[in-house]
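Asks: I'm passing along protein-v1.csv; it holds CSV, C-alpha atoms.
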chain,number,residue,atom,x,y,z
A,1,MET,CA,157.1,186.3,40.0
A,2,ASP,CA,160.2,184.4,41.2
A,3,VAL,CA,163.5,183.1,39.9
A,4,LEU,CA,165.2,179.8,40.7
A,5,THR,CA,168.9,179.7,39.7
A,6,VAL,CA,169.6,176.0,40.0
A,7,TYR,CA,173.0,174.8,41.2
A,8,VAL,CA,174.3,172.6,38.4
A,9,GLY,CA,178.1,173.0,38.9
A,10,GLN,CA,179.8,175.0,36.3
A,11,GLY,CA,176.9,175.9,34.0
A,12,GLU,CA,173.5,177.5,34.1
A,13,LEU,CA,169.9,176.4,34.4
A,14,VAL,CA,167.2,178.9,35.5
A,15,VAL,CA,163.4,178.8,36.0
A,16,LEU,CA,161.3,181.9,35.8
A,17,ARG,CA,157.8,181.6,37.3
A,18,HIS,CA,154.9,184.0,37.1
A,19,GLY,CA,151.2,183.5,37.0
A,20,MET,CA,150.5,180.0,35.9
A,21,GLU,CA,153.6,179.7,33.7
A,22,GLY,CA,157.2,178.8,34.0
A,23,ILE,CA,160.0,179.5,31.5
A,24,VAL,CA,163.2,177.4,31.6
A,25,ILE,CA,166.4,179.1,30.6
A,26,ASP,CA,169.3,176.8,29.6
A,27,SER,CA,169.6,173.1,30.2
A,28,ARG,CA,172.8,172.2,32.1
A,29,LEU,CA,172.6,169.0,34.1
A,30,PRO,CA,175.5,168.4,36.5
A,31,ASP,CA,178.2,165.8,36.0
A,32,THR,CA,180.1,166.4,39.2
A,33,ASP,CA,180.0,165.0,42.8
A,34,ASP,CA,178.5,168.3,44.0
A,35,VAL,CA,175.0,167.4,42.9
A,36,SER,CA,173.4,164.7,40.8
A,37,ALA,CA,171.4,165.1,37.5
A,38,GLU,CA,168.5,163.3,39.2
A,39,ALA,CA,168.4,165.8,42.1
A,40,VAL,CA,168.2,168.7,39.6
A,41,GLN,CA,165.4,166.9,37.6
A,42,THR,CA,163.5,166.4,40.9
A,43,GLN,CA,163.9,170.0,41.8
A,44,LEU,CA,162.6,171.1,38.4
A,45,GLY,CA,159.6,168.9,38.7
A,46,LEU,CA,158.7,170.3,42.1
A,47,VAL,CA,159.1,174.0,41.2
A,48,LEU,CA,157.1,173.6,37.9
A,49,GLU,CA,154.4,171.4,39.3
A,50,GLY,CA,151.0,172.6,38.2
A,51,ARG,CA,152.4,175.2,35.9
A,52,ARG,CA,152.4,175.4,32.1
A,53,VAL,CA,155.8,175.7,30.5
A,54,PRO,CA,155.4,177.7,27.3
A,55,GLY,CA,159.1,177.5,26.3
A,56,LEU,CA,162.7,176.6,26.8
A,57,ILE,CA,165.4,179.2,26.0
A,58,LEU,CA,168.9,178.1,25.2
A,59,THR,CA,171.2,181.1,25.4
A,60,SER,CA,174.0,179.4,23.3
A,61,PHE,CA,175.2,176.0,22.0
A,62,ASP,CA,178.0,175.7,24.6
A,63,SER,CA,177.7,172.6,26.7
A,64,ASP,CA,177.6,174.5,30.0
A,65,HIS,CA,174.3,176.2,28.8
A,66,CYS,CA,173.0,173.7,26.3
A,67,ASP,CA,173.2,170.2,27.6
A,68,PRO,CA,171.4,167.6,25.4
A,69,ARG,CA,170.4,165.6,28.5
A,70,GLY,CA,168.7,168.7,30.0
A,71,VAL,CA,167.0,169.5,26.7
A,72,ASP,CA,165.7,166.0,26.4
A,73,PHE,CA,164.4,166.1,30.0
A,74,VAL,CA,162.6,169.5,29.7
A,75,LEU,CA,161.1,168.7,26.3
A,76,GLY,CA,159.9,165.3,27.5
A,77,ARG,CA,158.7,166.1,31.0
A,78,PHE,CA,157.1,169.5,30.5
A,79,GLU,CA,156.3,169.5,26.7
A,80,PRO,CA,156.8,173.3,26.1
A,81,ASP,CA,155.2,174.9,23.1
A,82,TRP,CA,158.5,176.2,21.7
A,83,ILE,CA,162.3,175.9,22.1
A,84,MET,CA,164.3,179.1,21.4
A,85,TYR,CA,168.0,179.4,20.5
A,86,PRO,CA,170.3,181.9,18.8
A,87,LYS,CA,170.5,181.6,15.0
A,88,TYR,CA,174.1,180.5,14.3
A,89,TYR,CA,175.9,177.3,13.4
A,90,LYS,CA,178.3,175.5,15.8
A,91,ASP,CA,179.9,172.3,14.6
A,92,THR,CA,180.3,170.4,17.9
A,93,ASP,CA,179.1,167.1,19.3
A,94,CYS,CA,177.0,169.0,21.8
A,95,ALA,CA,175.2,171.1,19.3
A,96,SER,CA,174.6,168.1,17.0
A,97,ALA,CA,173.2,166.1,19.9
A,98,VAL,CA,170.9,169.0,20.9
A,99,PHE,CA,169.4,169.2,17.4
A,100,ASP,CA,169.0,165.4,17.3
A,101,THR,CA,167.1,165.7,20.5
A,102,ILE,CA,164.9,168.5,19.2
A,103,GLU,CA,164.2,166.5,16.1
A,104,LYS,CA,163.2,163.4,18.2
A,105,HIS,CA,160.7,165.5,20.1
A,106,GLU,CA,159.4,167.1,16.9
A,107,ARG,CA,158.7,163.6,15.6
A,108,LEU,CA,157.0,162.5,18.8
A,109,ARG,CA,154.6,165.5,18.7
A,110,VAL,CA,154.1,166.1,15.0
A,111,ARG,CA,150.7,164.5,14.9
A,112,GLY,CA,149.5,165.9,18.3
A,113,ALA,CA,147.5,169.0,19.1
A,114,ARG,CA,150.7,170.9,20.2
A,115,PRO,CA,153.6,170.3,17.8
A,116,LEU,CA,157.0,171.6,19.1
A,117,ARG,CA,157.9,174.9,17.5
A,118,ARG,CA,161.4,176.1,16.9
A,119,VAL,CA,162.2,179.8,17.5
A,120,SER,CA,165.6,180.7,16.1
A,121,VAL,CA,166.5,184.3,16.9
A,122,ARG,CA,168.9,187.0,15.7
A,123,LEU,CA,168.3,190.7,15.8
A,124,ASP,CA,168.7,191.3,12.1
A,125,ARG,CA,166.2,188.4,11.4
A,126,VAL,CA,163.3,189.6,13.5
A,127,ASP,CA,160.7,192.2,12.6
A,128,ARG,CA,160.3,193.4,16.2
A,129,ARG,CA,162.5,193.0,19.3
A,130,LEU,CA,159.4,192.3,21.4
A,131,LEU,CA,158.7,188.7,20.6
A,132,GLU,CA,155.0,188.2,20.5
A,133,GLY,CA,152.8,185.1,20.8
A,134,LEU,CA,155.2,183.1,23.0
A,135,SER,CA,153.7,183.5,26.5
A,136,SER,CA,150.6,184.6,28.3
A,137,ASP,CA,152.4,185.8,31.5
A,138,PHE,CA,155.7,187.1,30.2
A,139,ASP,CA,157.0,189.7,27.8
A,140,LEU,CA,160.3,188.8,26.0
A,141,GLU,CA,162.4,191.6,24.5
A,142,LEU,CA,165.5,190.7,22.4
A,143,PHE,CA,168.8,192.6,22.5
A,144,SER,CA,171.3,190.1,21.0
A,145,PRO,CA,172.8,188.4,19.0
A,146,HIS,CA,173.3,190.4,15.8
A,147,ILE,CA,175.3,189.3,12.8
A,148,GLU,CA,177.7,192.3,13.1
A,149,ASP,CA,179.2,191.0,16.4
A,150,MET,CA,178.9,187.2,16.1
A,151,ASP,CA,182.7,186.7,16.1
A,152,SER,CA,182.7,184.1,18.9
A,153,SER,CA,180.3,181.5,20.4
A,154,ASN,CA,180.0,183.7,23.5
A,155,ASN,CA,179.0,186.8,21.5
A,156,CYS,CA,176.3,184.7,19.7
A,157,SER,CA,174.6,184.3,23.1
A,158,ILE,CA,171.0,185.4,23.5
A,159,VAL,CA,170.5,188.6,25.6
A,160,MET,CA,166.9,189.1,26.5
A,161,ARG,CA,164.8,190.9,29.0
A,162,VAL,CA,162.0,188.7,30.4
A,163,ALA,CA,159.4,190.5,32.4
A,164,GLY,CA,156.4,189.2,34.2
A,165,ARG,CA,153.1,190.9,33.1
A,166,GLY,CA,150.8,192.6,35.6
A,167,VAL,CA,150.8,192.5,39.4
A,168,GLY,CA,153.8,190.8,40.9
A,169,GLY,CA,155.9,190.8,37.8
A,170,PHE,CA,159.4,192.1,37.5
A,171,SER,CA,162.2,192.0,34.9
A,172,TYR,CA,165.1,189.6,34.6
A,173,LEU,CA,168.0,190.1,32.1
A,174,VAL,CA,169.2,186.9,30.4
A,175,THR,CA,172.8,187.4,29.3
A,176,GLY,CA,174.4,184.0,28.3
A,177,ASP,CA,178.2,184.3,27.9
A,178,THR,CA,178.1,187.7,26.1
A,179,GLU,CA,181.5,189.4,26.3
A,180,ASN,CA,182.5,193.1,26.6
A,181,ALA,CA,183.0,193.8,22.9
A,182,ARG,CA,179.4,192.9,22.3
A,183,TRP,CA,178.1,194.6,25.4
A,184,GLU,CA,179.6,197.9,24.1
A,185,ARG,CA,177.5,197.7,20.9
A,186,ILE,CA,174.4,196.7,22.9
A,187,ASN,CA,174.9,199.7,25.2
A,188,SER,CA,175.2,202.1,22.4
A,189,LEU,CA,172.1,200.8,20.6
A,190,PHE,CA,169.7,200.2,23.5
A,191,GLY,CA,170.9,202.3,26.5
A,192,THR,CA,168.4,202.4,29.4
A,193,ALA,CA,166.1,199.9,27.6
A,194,LEU,CA,168.3,197.3,29.3
A,195,ARG,CA,167.1,198.4,32.7
A,196,SER,CA,166.1,195.2,34.7
A,197,ASP,CA,165.4,194.4,38.3
A,198,VAL,CA,167.4,191.2,38.4
A,199,LEU,CA,170.6,190.5,36.3
A,200,SER,CA,172.0,187.1,35.4
A,201,ALA,CA,175.7,187.7,35.7
A,202,PRO,CA,177.2,187.4,32.2
A,203,HIS,CA,179.5,184.4,31.6
A,204,HIS,CA,179.2,183.2,35.2
A,205,GLY,CA,180.9,186.4,36.5
A,206,SER,CA,183.8,186.5,34.1
A,207,ARG,CA,185.9,189.7,34.2
A,208,SER,CA,185.8,189.7,30.3
A,209,ALA,CA,182.0,189.9,30.3
A,210,THR,CA,181.5,192.4,33.1
A,211,ASN,CA,181.0,195.8,31.4
A,212,ALA,CA,180.8,198.8,33.7
A,213,GLU,CA,178.5,200.8,31.4
A,214,THR,CA,176.2,197.8,31.0
A,215,LEU,CA,175.9,197.5,34.8
A,216,LEU,CA,175.0,201.2,35.1
A,217,LEU,CA,172.4,200.9,32.3
A,218,VAL,CA,170.8,197.7,33.7
A,219,ASP,CA,170.9,199.2,37.3
A,220,PRO,CA,169.9,195.9,38.9
A,221,ASN,CA,168.7,195.5,42.4
A,222,THR,CA,170.0,191.9,42.5
A,223,VAL,CA,172.8,190.1,40.6
A,224,LEU,CA,172.6,186.3,40.4
A,225,ILE,CA,175.8,184.4,39.5
A,226,SER,CA,175.7,180.8,38.4
A,227,ALA,CA,179.2,179.1,38.9
A,228,GLY,CA,180.6,175.8,40.0
A,229,VAL,CA,182.3,175.2,43.3
A,230,ASP,CA,186.1,175.5,42.9
A,231,ASN,CA,185.7,175.8,39.1
A,232,GLN,CA,188.8,175.9,37.0
A,233,TYR,CA,188.0,179.3,35.5
A,234,GLY,CA,187.9,181.2,38.8
A,235,HIS,CA,184.3,182.4,38.3
A,236,PRO,CA,183.1,184.7,39.6
A,237,HIS,CA,186.2,186.9,39.2
A,238,PRO,CA,186.8,189.2,42.2
A,239,GLN,CA,186.9,192.3,40.0
A,240,ALA,CA,183.5,191.3,38.5
A,241,VAL,CA,182.0,190.9,42.0
A,242,ALA,CA,183.4,194.3,43.0
A,243,ALA,CA,181.8,195.8,40.0
A,244,PHE,CA,178.5,194.2,40.8
A,245,GLN,CA,178.7,195.5,44.4
A,246,LYS,CA,179.0,199.1,43.1
A,247,VAL,CA,175.6,199.0,41.4
A,248,ALA,CA,173.5,196.2,43.0
A,249,LYS,CA,172.0,196.0,46.5
A,250,HIS,CA,172.3,192.2,46.5
A,251,ILE,CA,174.8,189.8,44.9
A,252,HIS,CA,174.4,186.0,45.2
A,253,ALA,CA,176.4,183.1,43.8
A,254,THR,CA,175.7,179.4,43.5
A,255,ASN,CA,179.2,178.4,44.3
A,256,ILE,CA,179.1,179.2,48.0
A,257,GLU,CA,178.6,176.7,50.9
A,258,GLU,CA,179.6,173.7,48.7
A,259,GLY,CA,176.9,174.7,46.1
A,260,VAL,CA,173.4,176.2,46.5
A,261,SER,CA,170.5,177.0,44.3
A,262,LEU,CA,169.1,180.6,44.6
A,263,PHE,CA,165.4,181.3,45.0
A,264,THR,CA,164.7,185.0,44.4
A,265,LYS,CA,161.5,186.8,44.8
A,266,GLN,CA,160.3,190.4,45.3
A,267,VAL,CA,159.3,191.5,48.8
A,268,GLY,CA,157.8,195.0,48.8
A,269,ASP,CA,160.2,197.3,47.0
A,270,ASP,CA,163.1,195.0,47.5
A,271,PHE,CA,164.2,191.5,46.5
A,272,PHE,CA,165.0,188.5,48.8
A,273,THR,CA,167.1,185.5,47.8
A,274,ARG,CA,166.9,182.3,49.8
A,275,LEU,CA,169.7,179.6,49.5
A,276,VAL,CA,168.3,176.2,48.7
A,277,ARG,CA,170.1,172.9,49.2
Can you present the structure in this file as structure tokens?
Replies:
Amino acid sequence: MDVLTVYVGQGELVVLRHGMEGIVIDSRLPDTDDVSAEAVQTQLGLVLEGRRVPGLILTSFDSDHCDPRGVDFVLGRFEPDWIMYPKYYKDTDCASAVFDTIEKHERLRVRGARPLRRVSVRLDRVDRRLLEGLSSDFDLELFSPHIEDMDSSNNCSIVMRVAGRGVGGFSYLVTGDTENARWERINSLFGTALRSDVLSAPHHGSRSATNAETLLLVDPNTVLISAGVDNQYGHPHPQAVAAFQKVAKHIHATNIEEGVSLFTKQVGDDFFTRLVR
């Protein structure tokens, strides 16, 4: 199993690979001088060449995670079986454009052997947190969102543990932009079930999303931070990085050296991350 955290400026796009499958998480394509959308599309094509893509996970409907251009590219190029997103309504141009794009691909595939399936998730609307029938090579375990804490777009984000099955598999915690108030509830409900080898830093390393108890429960070997070079939000926050350093052996961010992608894999009992231009 391996993880590619693609540099897309201020936003997120991740590929998890294991066995013969690859799952795409979020869909941000860059609109800065740091890197072009075409370069990111080429990178995705190379890393997913020869692999089946069972699904695309959109952690939220915010434009830095849920870019309609990226959704269109992934659905058209890789034809995943399903697209997953949190079950809530957001009245924005971005969200409307994403659903228009999904509907376009549903129409294109409606008469084919593999119609596109929507998977809308919320904890109080699923029978089991372990989402079955979505992948042959990965297990997907849902922790958020839940209707009780959906008080902001950030707290409607998907939190999910994705783990590769069998030999060579490890666990990766998807976090979206989940903030501390929601993390406190997640901690109390799920505790050490959050344990994961690799953590996607919540909300690009924001201080307001870095919960000390969560970090102890996840106990990651590696933290991966997706943030833009010289971004206006100051992500990752120095206090968040300091907190990560107290629990994780390795911390890597995409906004170093004028922007780099991060390719992470397990080596023996440890993890190694290579910086990719």
Asks: When distances are computed from only C-alpha atoms, which of A:Thr59, A:Val126, A:Ile102, A:Gly234 shows the smallest separation from A:Cys156?
Replies: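 Going through A:Thr59, A:Val126, A:Ile102, A:Gly234 one by one, the smallest distance to A:Cys156 is for A:Thr59.
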Asks: When you draw a straight line from atom CA of A:Glu21 to atom CA of A:Leu56, how long is it in Å?
Replies: 11.8 Å
Asks: Between A:Ser36, A:Thr214, A:Asn180, A:Ser152, which one has atoms that come closest to A:Tyr89, using only C-alpha atoms?
Replies: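 Under the stated criterion, the closest residue is A:Ser152.
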Asks: Rounded to one decimal, what separation in Å do you get between atom CA of A:Ala227 and atom CA of A:His204?
Replies: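 Rounded to one decimal, the two atoms are 5.5 Å apart.
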Asks: Here is a test: counting only C-alpha atoms, which residue of A:Glu184, A:Asp72, A:Asp137, A:Asp81 is nearest to A:Val119?
Replies: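 Distance minimum relative to A:Val119 lands on A:Asp81.
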Asks: Taking into account all atoms listed in the file, which residue in the set A:Ala253, A:Ala243, A:Leu4, A:Ile147 is nearest to A:Gly228?
Replies: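 Using all atoms listed in the file, A:Gly228 sits closest to A:Ala253.
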Asks: Do you know which residues are at most 10 Å from A:Asp34 counting only C-alpha atoms, after dropping those on the same chain fewer than 4 positions away, and could you put them as a ChimeraX atom specification?
Replies: /A:7-9,30,228-229,258-260
Asks: Pick from A:Phe138, A:Lys104, A:Glu132, A:Arg77: nearest to A:Gly166, with all atoms listed in the file counted?
Replies: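 Closest to A:Gly166 of all the choices is A:Phe138.
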Asks: What does the distance between atom CA of A:Asp31 and atom CA of A:Thr254 come to in Å, to one decimal place?
Replies: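 Atom CA of A:Thr254 lies 15.7 Å from atom CA of A:Asp31.
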Asks: Residues within 7 Å of A:Asp139, please, as a ChimeraX atom specification. Count all atoms listed in the file; anything in the same chain fewer than 5 positions from it doesn't count.
Replies: /A:162-165
Asks: Pick from A:Arg122, A:Arg28, A:Arg69, A:Arg277: nearest to A:Val14, with all atoms listed in the file counted?
Replies: A:Arg28
Asks: Using only C-alpha atoms, collect all residues at a distance of at most 9 Å from (168.7, 181.2, 41.1) as written in the file, then present them as an NGL selection string.
Replies: :A and (3-7 or 13-15 or 200 or 224-226 or 252-254 or 260-264 or 273-275)
Asks: Keeping C-alpha atoms for every residue in the selection just given, could you write it to a file as a PDB file, in the frame of the given file?
Replies:
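Listing of again00.pdb after writing:
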ATOM      1  CA  VAL A   3     163.500 183.100  39.900  1.00  0.00           C
ATOM      2  CA  LEU A   4     165.200 179.800  40.700  1.00  0.00           C
ATOM      3  CA  THR A   5     168.900 179.700  39.700  1.00  0.00           C
ATOM      4  CA  VAL A   6     169.600 176.000  40.000  1.00  0.00           C
ATOM      5  CA  TYR A   7     173.000 174.800  41.200  1.00  0.00           C
ATOM      6  CA  LEU A  13     169.900 176.400  34.400  1.00  0.00           C
ATOM      7  CA  VAL A  14     167.200 178.900  35.500  1.00  0.00           C
ATOM      8  CA  VAL A  15     163.400 178.800  36.000  1.00  0.00           C
ATOM      9  CA  SER A 200     172.000 187.100  35.400  1.00  0.00           C
ATOM     10  CA  LEU A 224     172.600 186.300  40.400  1.00  0.00           C
ATOM     11  CA  ILE A 225     175.800 184.400  39.500  1.00  0.00           C
ATOM     12  CA  SER A 226     175.700 180.800  38.400  1.00  0.00           C
ATOM     13  CA  HIS A 252     174.400 186.000  45.200  1.00  0.00           C
ATOM     14  CA  ALA A 253     176.400 183.100  43.800  1.00  0.00           C
ATOM     15  CA  THR A 254     175.700 179.400  43.500  1.00  0.00           C
ATOM     16  CA  VAL A 260     173.400 176.200  46.500  1.00  0.00           C
ATOM     17  CA  SER A 261     170.500 177.000  44.300  1.00  0.00           C
ATOM     18  CA  LEU A 262     169.100 180.600  44.600  1.00  0.00           C
ATOM     19  CA  PHE A 263     165.400 181.300  45.000  1.00  0.00           C
ATOM     20  CA  THR A 264     164.700 185.000  44.400  1.00  0.00           C
ATOM     21  CA  THR A 273     167.100 185.500  47.800  1.00  0.00           C
ATOM     22  CA  ARG A 274     166.900 182.300  49.800  1.00  0.00           C
ATOM     23  CA  LEU A 275     169.700 179.600  49.500  1.00  0.00           C
TER      24      LEU A 275
END
Asks: Just the residues within 8 Å of stretch 18-20 of chain A, please, counting all atoms listed in the file, with nothing from its chain fewer than 2 positions along; format it as a compact mmCIF listing (two decimals) with C-alpha atoms, keeping the file's coordinate frame.
Replies:
# COMPACT_ATOMS: atom_id res chain seq x y z
CA MET A 1 157.10 186.30 40.00
CA ASP A 2 160.20 184.40 41.20
CA LEU A 16 161.30 181.90 35.80
CA GLY A 22 157.20 178.80 34.00
CA GLY A 50 151.00 172.60 38.20
CA ARG A 51 152.40 175.20 35.90
CA ARG A 52 152.40 175.40 32.10
CA ASP A 137 152.40 185.80 31.50
CA PHE A 138 155.70 187.10 30.20
CA GLY A 164 156.40 189.20 34.20
CA GLY A 168 153.80 190.80 40.90
CA GLY A 169 155.90 190.80 37.80
Asks: Supply stretch 235-251 of chain A as an mmCIF file, in the frame of the given file, with N, CA, C and O atoms built in where the input has gaps.
Replies:
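Printed below is out_7.cif as written:
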data_model
loop_
_atom_site.group_PDB
_atom_site.id
_atom_site.type_symbol
_atom_site.label_atom_id
_atom_site.label_comp_id
_atom_site.auth_asym_id
_atom_site.auth_seq_id
_atom_site.Cartn_x
_atom_site.Cartn_y
_atom_site.Cartn_z
ATOM 1 N N HIS A 235 185.606 181.585 38.305
ATOM 2 C CA HIS A 235 184.300 182.400 38.300
ATOM 3 C C HIS A 235 183.670 182.257 39.668
ATOM 4 O O HIS A 235 183.667 181.193 40.269
ATOM 5 N N PRO A 236 183.081 183.341 40.124
ATOM 6 C CA PRO A 236 183.100 184.700 39.600
ATOM 7 C C PRO A 236 184.457 185.375 39.897
ATOM 8 O O PRO A 236 185.012 185.168 40.978
ATOM 9 N N HIS A 237 184.933 186.211 38.990
ATOM 10 C CA HIS A 237 186.200 186.900 39.200
ATOM 11 C C HIS A 237 185.990 187.999 40.265
ATOM 12 O O HIS A 237 184.959 188.687 40.269
ATOM 13 N N PRO A 238 186.963 188.168 41.175
ATOM 14 C CA PRO A 238 186.800 189.200 42.200
ATOM 15 C C PRO A 238 186.527 190.586 41.681
ATOM 16 O O PRO A 238 185.767 191.349 42.283
ATOM 17 N N GLN A 239 187.130 190.951 40.541
ATOM 18 C CA GLN A 239 186.900 192.300 40.000
ATOM 19 C C GLN A 239 185.431 192.396 39.476
ATOM 20 O O GLN A 239 184.822 193.469 39.559
ATOM 21 N N ALA A 240 184.881 191.297 38.962
ATOM 22 C CA ALA A 240 183.500 191.300 38.500
ATOM 23 C C ALA A 240 182.566 191.479 39.736
ATOM 24 O O ALA A 240 181.610 192.275 39.705
ATOM 25 N N VAL A 241 182.845 190.740 40.800
ATOM 26 C CA VAL A 241 182.000 190.900 42.000
ATOM 27 C C VAL A 241 182.089 192.277 42.557
ATOM 28 O O VAL A 241 181.064 192.849 42.964
ATOM 29 N N ALA A 242 183.281 192.873 42.567
ATOM 30 C CA ALA A 242 183.400 194.300 43.000
ATOM 31 C C ALA A 242 182.605 195.213 42.198
ATOM 32 O O ALA A 242 181.985 196.155 42.719
ATOM 33 N N ALA A 243 182.581 194.982 40.882
ATOM 34 C CA ALA A 243 181.800 195.800 40.000
ATOM 35 C C ALA A 243 180.294 195.674 40.286
ATOM 36 O O ALA A 243 179.538 196.664 40.327
ATOM 37 N N PHE A 244 179.858 194.441 40.499
ATOM 38 C CA PHE A 244 178.500 194.200 40.800
ATOM 39 C C PHE A 244 178.070 194.923 42.125
ATOM 40 O O PHE A 244 176.976 195.483 42.245
ATOM 41 N N GLN A 245 178.975 194.903 43.083
ATOM 42 C CA GLN A 245 178.700 195.500 44.400
ATOM 43 C C GLN A 245 178.521 197.025 44.289
ATOM 44 O O GLN A 245 177.857 197.633 45.140
ATOM 45 N N LYS A 246 179.097 197.637 43.268
ATOM 46 C CA LYS A 246 179.000 199.100 43.100
ATOM 47 C C LYS A 246 177.596 199.519 42.610
ATOM 48 O O LYS A 246 177.200 200.671 42.788
ATOM 49 N N VAL A 247 176.859 198.596 41.969
ATOM 50 C CA VAL A 247 175.600 199.000 41.400
ATOM 51 C C VAL A 247 174.378 198.263 41.981
ATOM 52 O O VAL A 247 173.260 198.785 41.938
ATOM 53 N N ALA A 248 174.582 197.060 42.514
ATOM 54 C CA ALA A 248 173.500 196.200 43.000
ATOM 55 C C ALA A 248 173.399 196.194 44.506
ATOM 56 O O ALA A 248 174.427 196.238 45.183
ATOM 57 N N LYS A 249 172.200 196.085 45.020
ATOM 58 C CA LYS A 249 172.000 196.000 46.500
ATOM 59 C C LYS A 249 172.339 194.570 46.956
ATOM 60 O O LYS A 249 172.841 194.391 48.064
ATOM 61 N N HIS A 250 172.054 193.572 46.117
ATOM 62 C CA HIS A 250 172.300 192.200 46.500
ATOM 63 C C HIS A 250 173.029 191.441 45.423
ATOM 64 O O HIS A 250 172.709 191.558 44.240
ATOM 65 N N ILE A 251 174.031 190.650 45.828
ATOM 66 C CA ILE A 251 174.800 189.800 44.900
ATOM 67 C C ILE A 251 174.814 188.398 45.533
ATOM 68 O O ILE A 251 175.185 188.238 46.707
#
